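Text of the file final18.csv, holding CSV, C-alpha atoms:
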chain,number,residue,atom,x,y,z
A,26,MET,CA,-41.9,-22.9,46.1
A,27,SER,CA,-40.4,-21.9,42.8
A,28,GLU,CA,-38.8,-24.3,40.5
A,29,ILE,CA,-35.0,-24.2,40.4
A,30,ILE,CA,-33.8,-23.2,36.9
A,31,THR,CA,-30.5,-24.6,35.9
A,32,PRO,CA,-28.7,-22.4,33.3
A,33,PRO,CA,-27.6,-24.2,30.1
A,34,LYS,CA,-24.0,-25.5,30.3
A,35,PHE,CA,-21.4,-23.8,28.1
A,36,GLU,CA,-18.1,-25.4,27.7
A,37,VAL,CA,-15.8,-22.4,27.0
A,38,ALA,CA,-12.6,-24.4,27.6
A,39,PRO,CA,-13.5,-28.1,27.2
A,40,THR,CA,-11.5,-30.4,29.5
A,41,PRO,CA,-9.0,-32.3,27.4
A,42,PRO,CA,-9.1,-36.1,27.6
A,43,GLY,CA,-7.4,-37.5,30.7
A,44,PHE,CA,-7.8,-39.5,33.9
A,45,GLU,CA,-10.2,-38.1,36.4
A,46,GLY,CA,-10.8,-39.2,40.0
A,47,PRO,CA,-12.0,-37.7,43.3
A,48,GLY,CA,-9.7,-34.6,43.7
A,49,PHE,CA,-7.4,-35.1,40.8
A,50,PHE,CA,-7.2,-34.9,37.1
A,51,ALA,CA,-4.3,-36.1,35.0
A,52,THR,CA,-3.6,-35.3,31.3
A,53,THR,CA,-0.5,-34.8,29.2
A,54,LEU,CA,1.6,-31.7,29.4
A,55,ASP,CA,1.0,-30.9,25.8
A,56,LYS,CA,-2.7,-30.7,26.3
A,57,ALA,CA,-2.6,-28.7,29.5
A,58,VAL,CA,-0.3,-26.1,27.9
A,59,GLY,CA,-2.3,-26.1,24.7
A,60,LEU,CA,-5.4,-25.4,26.7
A,61,ALA,CA,-3.8,-22.5,28.5
A,62,ARG,CA,-2.2,-21.0,25.4
A,63,LYS,CA,-5.2,-21.2,23.2
A,64,ASN,CA,-7.5,-19.4,25.6
A,65,SER,CA,-5.1,-16.6,26.4
A,66,LEU,CA,-3.8,-15.5,23.0
A,67,TRP,CA,-2.4,-12.0,22.9
A,68,PRO,CA,-3.0,-10.7,19.3
A,69,LEU,CA,-1.0,-8.0,17.6
A,70,PRO,CA,-3.3,-6.2,15.2
A,71,PHE,CA,-1.3,-5.1,12.2
A,72,ALA,CA,-4.2,-3.2,10.6
A,73,THR,CA,-3.5,-1.2,7.4
A,74,SER,CA,-6.9,-0.7,5.8
A,75,CYS,CA,-10.6,-1.6,5.8
A,76,CYS,CA,-10.1,-5.1,7.3
A,77,GLY,CA,-8.7,-3.2,10.3
A,78,ILE,CA,-12.0,-1.4,10.6
A,79,GLU,CA,-13.8,-4.7,10.7
A,80,PHE,CA,-11.4,-5.8,13.4
A,81,MET,CA,-12.4,-2.8,15.5
A,82,ALA,CA,-16.0,-3.9,15.2
A,83,THR,CA,-14.8,-7.4,16.2
A,84,MET,CA,-13.1,-6.0,19.3
A,85,ALA,CA,-16.1,-3.8,20.3
A,86,SER,CA,-18.9,-4.9,22.6
A,87,HIS,CA,-21.3,-6.3,20.0
A,88,TYR,CA,-19.0,-9.1,18.7
A,89,ASP,CA,-16.8,-9.0,21.8
A,90,PHE,CA,-13.6,-10.7,20.8
A,91,ALA,CA,-12.5,-10.6,24.4
A,92,ARG,CA,-14.7,-13.6,25.3
A,93,PHE,CA,-12.3,-15.8,23.5
A,94,GLY,CA,-9.5,-15.0,25.9
A,95,SER,CA,-8.0,-12.3,23.7
A,96,GLU,CA,-8.9,-9.4,25.9
A,97,ARG,CA,-5.6,-7.8,25.8
A,98,LEU,CA,-4.2,-6.7,22.5
A,99,SER,CA,-0.5,-6.4,22.4
A,100,PHE,CA,0.9,-3.4,20.5
A,101,SER,CA,4.4,-4.7,21.0
A,102,PRO,CA,5.4,-7.7,18.9
A,103,ARG,CA,7.7,-8.9,21.7
A,104,GLN,CA,4.7,-9.8,23.9
A,105,ALA,CA,2.3,-11.0,21.2
A,106,ASP,CA,1.5,-14.6,20.3
A,107,LEU,CA,-0.7,-14.0,17.3
A,108,LEU,CA,0.0,-11.6,14.4
A,109,MET,CA,-3.2,-10.5,12.8
A,110,VAL,CA,-2.4,-8.9,9.4
A,111,MET,CA,-5.4,-7.0,8.2
A,112,GLY,CA,-5.3,-5.0,5.0
A,113,THR,CA,-3.2,-4.3,1.9
A,114,ILE,CA,0.5,-4.7,2.4
A,115,ALA,CA,2.4,-2.6,0.0
A,116,LYS,CA,5.8,-3.8,-1.1
A,117,LYS,CA,7.4,-1.0,0.8
A,118,MET,CA,5.6,-2.2,3.9
A,119,ALA,CA,6.8,-5.8,3.5
A,120,PRO,CA,10.2,-5.3,5.4
A,121,VAL,CA,8.3,-3.7,8.3
A,122,LEU,CA,5.9,-6.6,8.5
A,123,ARG,CA,8.7,-9.0,8.4
A,124,GLN,CA,10.6,-7.3,11.1
A,125,VAL,CA,7.5,-7.3,13.3
A,126,TYR,CA,7.2,-11.0,12.8
A,127,GLU,CA,10.9,-11.5,13.6
A,128,GLN,CA,10.5,-9.6,16.8
A,129,MET,CA,7.8,-11.9,18.1
A,130,ALA,CA,8.9,-14.7,20.4
A,131,GLU,CA,8.1,-18.3,19.8
A,132,PRO,CA,5.6,-19.8,19.8
A,133,ARG,CA,4.0,-17.4,17.3
A,134,TRP,CA,1.1,-17.7,14.9
A,135,VAL,CA,-0.1,-15.6,12.0
A,136,LEU,CA,-3.6,-14.9,10.8
A,137,SER,CA,-4.0,-13.3,7.4
A,138,VAL,CA,-7.3,-11.4,7.3
A,139,GLY,CA,-8.9,-10.5,4.0
A,140,ALA,CA,-8.2,-10.8,0.4
A,141,CYS,CA,-5.4,-8.3,0.3
A,142,ALA,CA,-3.3,-9.8,3.0
A,143,SER,CA,-3.9,-13.3,1.7
A,144,SER,CA,-3.4,-12.7,-2.0
A,145,GLY,CA,-3.1,-9.0,-2.9
A,146,GLY,CA,-6.8,-9.0,-3.6
A,147,ILE,CA,-7.9,-6.5,-6.2
A,148,PHE,CA,-4.6,-4.8,-6.0
A,149,ASP,CA,-2.9,-6.8,-8.7
A,150,THR,CA,-0.3,-4.1,-9.2
A,151,TYR,CA,3.4,-3.4,-9.1
A,152,SER,CA,3.3,-1.7,-5.7
A,153,VAL,CA,1.4,-4.3,-3.7
A,154,LEU,CA,2.7,-7.5,-2.1
A,155,GLN,CA,0.7,-10.4,-3.6
A,156,GLY,CA,0.0,-12.1,-0.3
A,157,ILE,CA,1.9,-11.9,3.0
A,158,ASP,CA,2.9,-15.6,2.6
A,159,HIS,CA,5.6,-14.3,0.2
A,160,ILE,CA,7.5,-13.0,3.2
A,161,ILE,CA,6.2,-14.7,6.4
A,162,PRO,CA,4.6,-18.1,7.1
A,163,VAL,CA,0.8,-17.9,7.6
A,164,ASP,CA,-1.3,-20.3,9.7
A,165,VAL,CA,-4.9,-19.3,8.9
A,166,TYR,CA,-6.3,-17.3,6.0
A,167,VAL,CA,-9.6,-15.5,6.3
A,168,PRO,CA,-11.3,-14.8,3.0
A,169,GLY,CA,-13.5,-11.7,2.3
A,170,CYS,CA,-13.2,-8.2,1.1
A,171,PRO,CA,-13.5,-7.2,3.9
A,172,PRO,CA,-14.5,-10.2,6.0
A,173,ARG,CA,-17.3,-9.7,8.5
A,174,PRO,CA,-16.5,-9.9,12.2
A,175,GLU,CA,-18.0,-13.4,12.3
A,176,GLN,CA,-15.4,-14.5,9.7
A,177,ILE,CA,-12.6,-12.9,11.7
A,178,ILE,CA,-13.8,-14.7,14.8
A,179,ASP,CA,-13.9,-18.0,12.8
A,180,GLY,CA,-10.3,-17.4,11.8
A,181,VAL,CA,-9.2,-16.9,15.3
A,182,LEU,CA,-11.1,-20.0,16.5
A,183,ASN,CA,-9.2,-21.9,13.8
A,184,ILE,CA,-6.0,-20.5,15.2
A,185,GLN,CA,-7.1,-21.5,18.6
A,186,LYS,CA,-7.6,-25.0,17.3
A,187,LEU,CA,-4.1,-25.1,15.9
A,188,VAL,CA,-2.7,-23.7,19.2
A,189,GLY,CA,-4.5,-26.2,21.3
A,190,GLU,CA,-3.4,-29.2,19.3
A,191,GLU,CA,0.2,-28.1,18.7
A,192,SER,CA,2.9,-30.3,20.0
A,193,LEU,CA,5.3,-28.7,22.4
A,194,ARG,CA,8.2,-30.0,20.3
A,195,ARG,CA,6.9,-28.6,17.0
A,196,ARG,CA,8.9,-25.4,17.1
A,197,ASN,CA,12.1,-27.5,17.5
A,198,SER,CA,11.3,-29.9,14.7
A,199,PRO,CA,13.3,-30.0,11.5
A,200,GLU,CA,10.2,-29.4,9.5
A,201,TYR,CA,9.5,-26.1,11.3
A,202,LYS,CA,13.1,-25.0,11.0
A,203,GLN,CA,13.0,-25.8,7.3
A,204,LEU,CA,9.8,-23.7,6.9
A,205,LEU,CA,11.4,-20.7,8.5
A,206,ALA,CA,14.6,-21.3,6.5
A,207,SER,CA,12.5,-21.2,3.3
A,208,TYR,CA,11.5,-17.7,4.3
A,209,GLY,CA,15.1,-16.8,5.2
A,210,ILE,CA,14.1,-16.3,8.9
A,211,GLU,CA,16.5,-17.4,11.6
B,3,MET,CA,-5.5,48.2,-10.6
B,4,GLU,CA,-8.1,45.6,-11.6
B,5,LYS,CA,-7.4,42.0,-11.0
B,6,PRO,CA,-5.9,40.4,-14.1
B,7,THR,CA,-7.8,37.7,-16.0
B,8,ILE,CA,-6.3,34.5,-17.4
B,9,GLU,CA,-6.5,36.2,-20.9
B,10,ASN,CA,-4.2,39.0,-19.6
B,11,VAL,CA,-1.7,36.4,-18.4
B,12,LEU,CA,-1.7,34.5,-21.6
B,13,ALA,CA,-1.4,37.6,-23.7
B,14,ASP,CA,1.5,38.7,-21.5
B,15,LEU,CA,3.2,35.4,-21.8
B,16,GLN,CA,2.9,35.4,-25.6
B,17,GLN,CA,4.3,38.9,-25.7
B,18,HIS,CA,7.3,38.0,-23.5
B,19,PHE,CA,8.1,34.5,-24.8
B,20,GLY,CA,6.8,34.7,-28.3
B,21,SER,CA,7.4,31.6,-30.3
B,22,ASN,CA,8.6,29.7,-27.2
B,23,ILE,CA,4.9,29.4,-26.4
B,24,LEU,CA,4.2,26.5,-28.8
B,25,SER,CA,0.4,26.5,-28.5
B,26,LEU,CA,-2.5,27.3,-26.2
B,27,GLU,CA,-5.2,24.9,-25.4
B,28,GLN,CA,-8.4,25.1,-23.4
B,29,ALA,CA,-8.9,21.8,-21.6
B,30,TYR,CA,-12.5,22.2,-20.4
B,31,ASP,CA,-12.2,25.4,-18.4
B,32,PHE,CA,-8.5,25.1,-17.8
B,33,SER,CA,-5.9,26.9,-19.8
B,34,VAL,CA,-3.0,24.8,-20.9
B,35,VAL,CA,0.2,26.2,-22.3
B,36,HIS,CA,2.4,24.0,-24.4
B,37,THR,CA,6.1,24.9,-24.4
B,38,THR,CA,9.5,23.4,-24.8
B,39,LYS,CA,11.3,21.8,-21.8
B,40,GLU,CA,14.0,24.5,-22.0
B,41,ASN,CA,11.5,27.2,-21.4
B,42,ILE,CA,9.5,25.8,-18.5
B,43,VAL,CA,11.8,27.1,-15.8
B,44,PRO,CA,12.2,30.7,-17.3
B,45,ILE,CA,8.4,31.0,-17.8
B,46,LEU,CA,7.5,29.7,-14.4
B,47,ARG,CA,10.2,31.9,-12.8
B,48,TYR,CA,8.8,34.9,-14.7
B,49,LEU,CA,5.2,34.2,-13.5
B,50,HIS,CA,6.5,33.5,-10.0
B,51,ASP,CA,8.3,36.9,-9.8
B,52,HIS,CA,5.7,38.9,-11.7
B,53,GLU,CA,4.4,41.9,-9.7
B,54,THR,CA,0.7,41.4,-10.3
B,55,PHE,CA,0.4,37.7,-11.5
B,56,ARG,CA,2.3,36.2,-8.6
B,57,PHE,CA,1.9,32.5,-9.5
B,58,GLN,CA,3.7,31.4,-6.4
B,59,TYR,CA,2.0,28.1,-5.6
B,60,LEU,CA,3.1,25.0,-7.5
B,61,THR,CA,-0.1,22.9,-7.1
B,62,THR,CA,1.2,19.8,-8.9
B,63,ALA,CA,3.8,18.5,-11.3
B,64,CYS,CA,3.9,15.0,-12.8
B,65,GLY,CA,5.3,13.0,-15.7
B,66,LEU,CA,3.4,12.1,-18.9
B,67,HIS,CA,3.8,9.2,-21.4
B,68,PHE,CA,2.0,9.0,-24.7
B,69,PRO,CA,3.7,6.1,-26.5
B,70,ASP,CA,2.3,6.9,-29.9
B,71,SER,CA,3.5,10.5,-30.1
B,72,THR,CA,6.8,11.5,-31.7
B,73,LYS,CA,7.7,13.2,-28.4
B,74,PRO,CA,6.3,10.6,-26.0
B,75,PHE,CA,7.6,11.8,-22.7
B,76,GLY,CA,6.6,15.0,-21.0
B,77,MET,CA,6.2,16.9,-17.8
B,78,MET,CA,3.0,18.7,-16.6
B,79,TYR,CA,3.1,21.6,-14.2
B,80,GLN,CA,0.2,23.4,-12.6
B,81,VAL,CA,0.6,26.7,-10.9
B,82,HIS,CA,-1.8,28.8,-8.9
B,83,SER,CA,-1.8,32.5,-8.0
B,84,LEU,CA,-3.2,33.0,-4.6
B,85,THR,CA,-3.6,36.8,-5.0
B,86,THR,CA,-5.5,36.7,-8.3
B,87,ASN,CA,-7.0,33.2,-7.9
B,88,LEU,CA,-5.8,32.2,-11.4
B,89,ARG,CA,-4.6,28.7,-12.4
B,90,LEU,CA,-2.4,27.7,-15.3
B,91,ARG,CA,-1.2,24.4,-16.6
B,92,PHE,CA,2.1,23.9,-18.6
B,93,LYS,CA,3.2,21.0,-20.6
B,94,ALA,CA,6.5,20.2,-22.2
B,95,PHE,CA,7.4,17.1,-24.2
B,96,THR,CA,10.6,15.4,-25.1
B,97,THR,CA,11.8,12.5,-27.1
B,98,ALA,CA,12.6,9.1,-25.7
B,99,ASN,CA,16.4,9.6,-26.2
B,100,ASP,CA,16.5,12.7,-24.1
B,101,LEU,CA,14.8,12.2,-20.7
B,102,SER,CA,16.3,15.2,-18.9
B,103,PHE,CA,14.5,18.3,-17.7
B,104,ASP,CA,15.8,21.3,-15.8
B,105,THR,CA,14.9,21.2,-12.2
B,106,LEU,CA,12.2,23.6,-10.9
B,107,THR,CA,13.5,23.4,-7.4
B,108,THR,CA,15.3,26.7,-8.0
B,109,VAL,CA,12.0,28.4,-8.3
B,110,PHE,CA,9.6,26.3,-6.2
B,111,PRO,CA,11.1,24.2,-3.3
B,112,ALA,CA,7.8,22.1,-3.5
B,113,ALA,CA,9.1,20.8,-6.8
B,114,ASN,CA,11.6,18.6,-5.0
B,115,TRP,CA,9.3,15.8,-4.1
B,116,MET,CA,7.2,16.1,-7.3
B,117,GLU,CA,10.3,15.7,-9.4
B,118,ARG,CA,11.4,12.8,-7.3
B,119,GLU,CA,8.0,11.2,-8.0
B,120,ALA,CA,8.4,11.8,-11.8
B,121,PHE,CA,11.9,10.3,-11.6
B,122,ASP,CA,10.5,7.3,-9.6
B,123,PHE,CA,7.7,6.5,-12.1
B,124,PHE,CA,9.1,7.7,-15.4
B,125,GLY,CA,12.9,7.8,-15.0
B,126,PHE,CA,13.2,11.5,-15.9
B,127,GLN,CA,16.5,13.1,-14.9
B,128,PHE,CA,16.2,16.6,-13.4
B,129,LYS,CA,19.4,18.6,-13.9
B,130,GLY,CA,20.3,20.4,-10.7
B,131,HIS,CA,17.9,18.5,-8.4
B,132,PRO,CA,19.4,18.3,-4.9
B,133,ASN,CA,18.3,14.8,-4.0
B,134,LEU,CA,17.0,12.8,-7.0
B,135,LYS,CA,16.1,9.3,-5.7
B,136,ARG,CA,13.0,7.2,-5.5
B,137,ILE,CA,10.3,8.5,-3.3
B,138,LEU,CA,7.3,6.2,-3.4
B,139,ASN,CA,8.4,2.8,-4.7
B,140,VAL,CA,10.7,0.4,-3.0
B,141,GLU,CA,14.3,1.4,-3.3
B,142,ASP,CA,15.4,-1.8,-5.1
B,143,MET,CA,12.8,-1.5,-7.9
B,144,ASP,CA,14.7,-1.8,-11.2
B,145,TYR,CA,12.2,-0.1,-13.6
B,146,HIS,CA,9.9,2.9,-13.8
B,147,PRO,CA,6.4,1.4,-13.5
B,148,LEU,CA,4.2,4.1,-15.0
B,149,ARG,CA,5.9,3.9,-18.4
B,150,LYS,CA,3.5,2.3,-20.8
B,151,GLU,CA,5.9,-0.5,-21.9
B,152,TYR,CA,5.6,-2.1,-18.5
B,153,PRO,CA,2.5,-4.0,-17.4
B,154,ILE,CA,0.7,-2.4,-14.5
B,155,GLU,CA,0.1,-5.8,-12.9
B,156,ASP,CA,2.5,-7.5,-10.5
B,157,ALA,CA,5.0,-9.8,-12.2
B,158,THR,CA,5.1,-12.3,-9.4
B,159,ARG,CA,1.5,-13.5,-9.9
B,160,TYR,CA,1.0,-16.7,-11.8
B,161,ASP,CA,-2.4,-17.9,-10.6
B,162,LYS,CA,-4.7,-15.2,-12.1
B,163,ASP,CA,-6.6,-16.2,-15.3
B,164,ASP,CA,-6.7,-13.6,-18.1
B,165,THR,CA,-10.3,-14.3,-19.0
B,166,LEU,CA,-11.4,-13.9,-15.4
B,167,PHE,CA,-9.3,-11.0,-14.3
B,168,GLY,CA,-8.7,-9.1,-17.5
B,169,ARG,CA,-4.9,-9.4,-17.2
B,170,ARG,CA,-2.8,-8.3,-20.1
B,171,PRO,CA,-1.5,-11.4,-22.0
B,172,ALA,CA,2.3,-11.9,-22.3
B,173,GLY,CA,3.9,-9.7,-24.9
B,174,TYR,CA,1.2,-7.1,-24.5
B,175,ASP,CA,1.6,-4.2,-26.9
B,176,PRO,CA,-0.3,-1.0,-26.0
B,177,LYS,CA,-0.1,0.3,-29.6
B,178,ARG,CA,-2.1,-2.7,-30.8
B,179,LEU,CA,-5.2,-1.3,-29.1
B,180,GLN,CA,-5.2,1.8,-31.3
B,181,SER,CA,-5.9,0.0,-34.6
Would you give me this structure, written as C-alpha cells?
Amino acid sequence: MSEIITPPKFEVAPTPPGFEGPGFFATTLDKAVGLARKNSLWPLPFATSCCGIEFMATMASHYDFARFGSERLSFSPRQADLLMVMGTIAKKMAPVLRQVYEQMAEPRWVLSVGACASSGGIFDTYSVLQGIDHIIPVDVYVPGCPPRPEQIIDGVLNIQKLVGEESLRRRNSPEYKQLLASYGIE
Amino acid sequence: MEKPTIENVLADLQQHFGSNILSLEQAYDFSVVHTTKENIVPILRYLHDHETFRFQYLTTACGLHFPDSTKPFGMMYQVHSLTTNLRLRFKAFTTANDLSFDTLTTVFPAANWMEREAFDFFGFQFKGHPNLKRILNVEDMDYHPLRKEYPIEDATRYDKDDTLFGRRPAGYDPKRLQS
C-alpha cells in the first residue's frame, strides 16, 4: 500500500482573525470585505512605455499575474479598482491620466510603476511630468527602470495589503477628502 | 537629357539668384545653401516648379538658435527631388528683434506642421501661415523651450542635486562655456 502524500498547504487568502466554531465563522465586516476586495482587484493598465512591456511579461504565463486574483484587466476606468501607471507621462498626457483617474469609481487605488511614473526618471525635461503624484494621489511606488516583473508583483502585493487593511469608512473620512481636495479632485 | 547633378543645381541657383545666395557650404556630403529669409520662399518655389530639378518633397524644416552669433535665430529647410534623387539644405538667419519668416505653406503644404513646430519651440512668426499655434507642447506653456536662454530641465524639480545629476545651476549662462 502506497503512502499517502499530503501536498504542502498554501494560504492564498489567509483567514482573517475571528471566532470560529463548528459550522460558523464570524469576523468584522471590514475584514471580510477587505479579503474579497484584495483578492479580486481589476487593474487598469495605463502603459505608455517600456514599463508596460514588463507588465506584459507580468501578465503572461511565466509570471502569471492572474494568480493574485487580477485575472481580468479592465480597459474601462469605470470598472477598474486599481490604476497601474507604467511609463513616462508627458505633460500633455497629464490631463488624460487625470481624467482616467476621475472616471474610476471609489474605492480606487493607484500603483506607480517605474522611475518615470514615480519621479520623471531620466526625463528631467520641460515636456515630462515629474512624477504622477503631481496630479493624482499614489498608493504604492515601484522603483526600477524598468522594474522586473517580480517588482511589479511586489508592488501589487503591497497594494493588496493596503486594500485588505483599509477601513470601510476611510473614503468618507475628512483626511481622505482633504487629500483629494489637495489635488483639486471632487 | 542626362540627370542633373547637385553641381548643376547649385550653378543654376547662383545664376538665377546671384548675390541672394550668400554662400555655399559642404556639410560632410550634404550641400548647404545660405540665403536670406526673404529669399527662401522664392528659391524653393523656383526649385519646386523647375522642369528638370523638381524639388517637390520638403523632407524637414526646423528652427535654429546659435546665441553667440550676430544673427542668432534661423530656419533650416531640406528638400528632396524624387526624380533626380538630389537633396539640398537651406539656411536663413535673422536677428533676435525680427523673428518673422514668410510661410512656406504656399509652396509645400507639408510646411504647415513643421512651421507650427518651429513656432512652438522657438517662437518664430510665419507670415501667412493658416493655423499658427503650438503643436507638440502643452497649450498653456508660456515660453519656447528650445531657445538656449531657457534651461532644458523641468522647473518644478527641487530634489535633484547638481553634482549627482549634472543639472545646470541657477543663473546658468550658455555663453560662459565658450570661454
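Between Lys56 of chain A and the candidates A:Pro70, A:Gly169, A:Gly139, A:Pro39, the tightest atom-to-atom separation, counting only C-alpha atoms, involves A:Pro39.
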Based on all atoms listed in the file, which of the residues in chain B come within 9 Å of chain A? I want them as a PDB file with C-alpha atoms, in the frame of the given file.
ATOM      1  CA  LEU B 138       7.300   6.200  -3.400  1.00  0.00           C
ATOM      2  CA  ASN B 139       8.400   2.800  -4.700  1.00  0.00           C
ATOM      3  CA  VAL B 140      10.700   0.400  -3.000  1.00  0.00           C
ATOM      4  CA  GLU B 141      14.300   1.400  -3.300  1.00  0.00           C
ATOM      5  CA  PRO B 147       6.400   1.400 -13.500  1.00  0.00           C
ATOM      6  CA  PRO B 153       2.500  -4.000 -17.400  1.00  0.00           C
ATOM      7  CA  ILE B 154       0.700  -2.400 -14.500  1.00  0.00           C
ATOM      8  CA  GLU B 155       0.100  -5.800 -12.900  1.00  0.00           C
ATOM      9  CA  ASP B 156       2.500  -7.500 -10.500  1.00  0.00           C
ATOM     10  CA  ALA B 157       5.000  -9.800 -12.200  1.00  0.00           C
ATOM     11  CA  THR B 158       5.100 -12.300  -9.400  1.00  0.00           C
ATOM     12  CA  ARG B 159       1.500 -13.500  -9.900  1.00  0.00           C
TER      13      ARG B 159
END
### Contacts of Pro102 of chain A within 8 Å, all atoms listed in the file, excl. fewer than 2 positions in-chain, as a list in words
Leu69, Ser99, Phe100, Gln104, Ala105, Val125, Tyr126, Gln128, Met129 and Ala130 of chain A
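We find atom CA of Tyr208 of chain A and atom CA of Val181 of chain A to be spaced 23.5 Å apart.
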### Task
Identify, on the basis of only C-alpha atoms, every residue whose closest approach to Met111 of chain A does not exceed 10 Å; exclude the query and any residue fewer than 4 positions from it along the same chain; express the result as an MDAnalysis selection string.
chainID A and resid 70:80 136:143 167 171:172 177
### Message
When you look at segment 17-19 of chain B with a cut-off of 12 Å (counting only C-alpha atoms), what residues show up, excluding the ones that are within fewer than 5 positions of it in the same chain? I need them as a ChimeraX atom specification.
### Response
/B:10-12,24-25,35-38,40-42,44-46,48-49,52
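With distances restricted to all atoms listed in the file, A:Leu107 is the closest residue to Trp134 of chain A from A:Leu66, A:Leu107, A:Ile157, A:Ile178.
The closest residue to Arg97 of chain A, picked from A:Pro162, A:Pro41, A:Pro120, A:Pro68 and counting all atoms listed in the file, is A:Pro68.
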### Query
Which one of B:Arg136, B:Lys150, B:Arg118, B:Arg91 sits closest to Gln28 of chain B if you count all atoms listed in the file?
B:Arg91
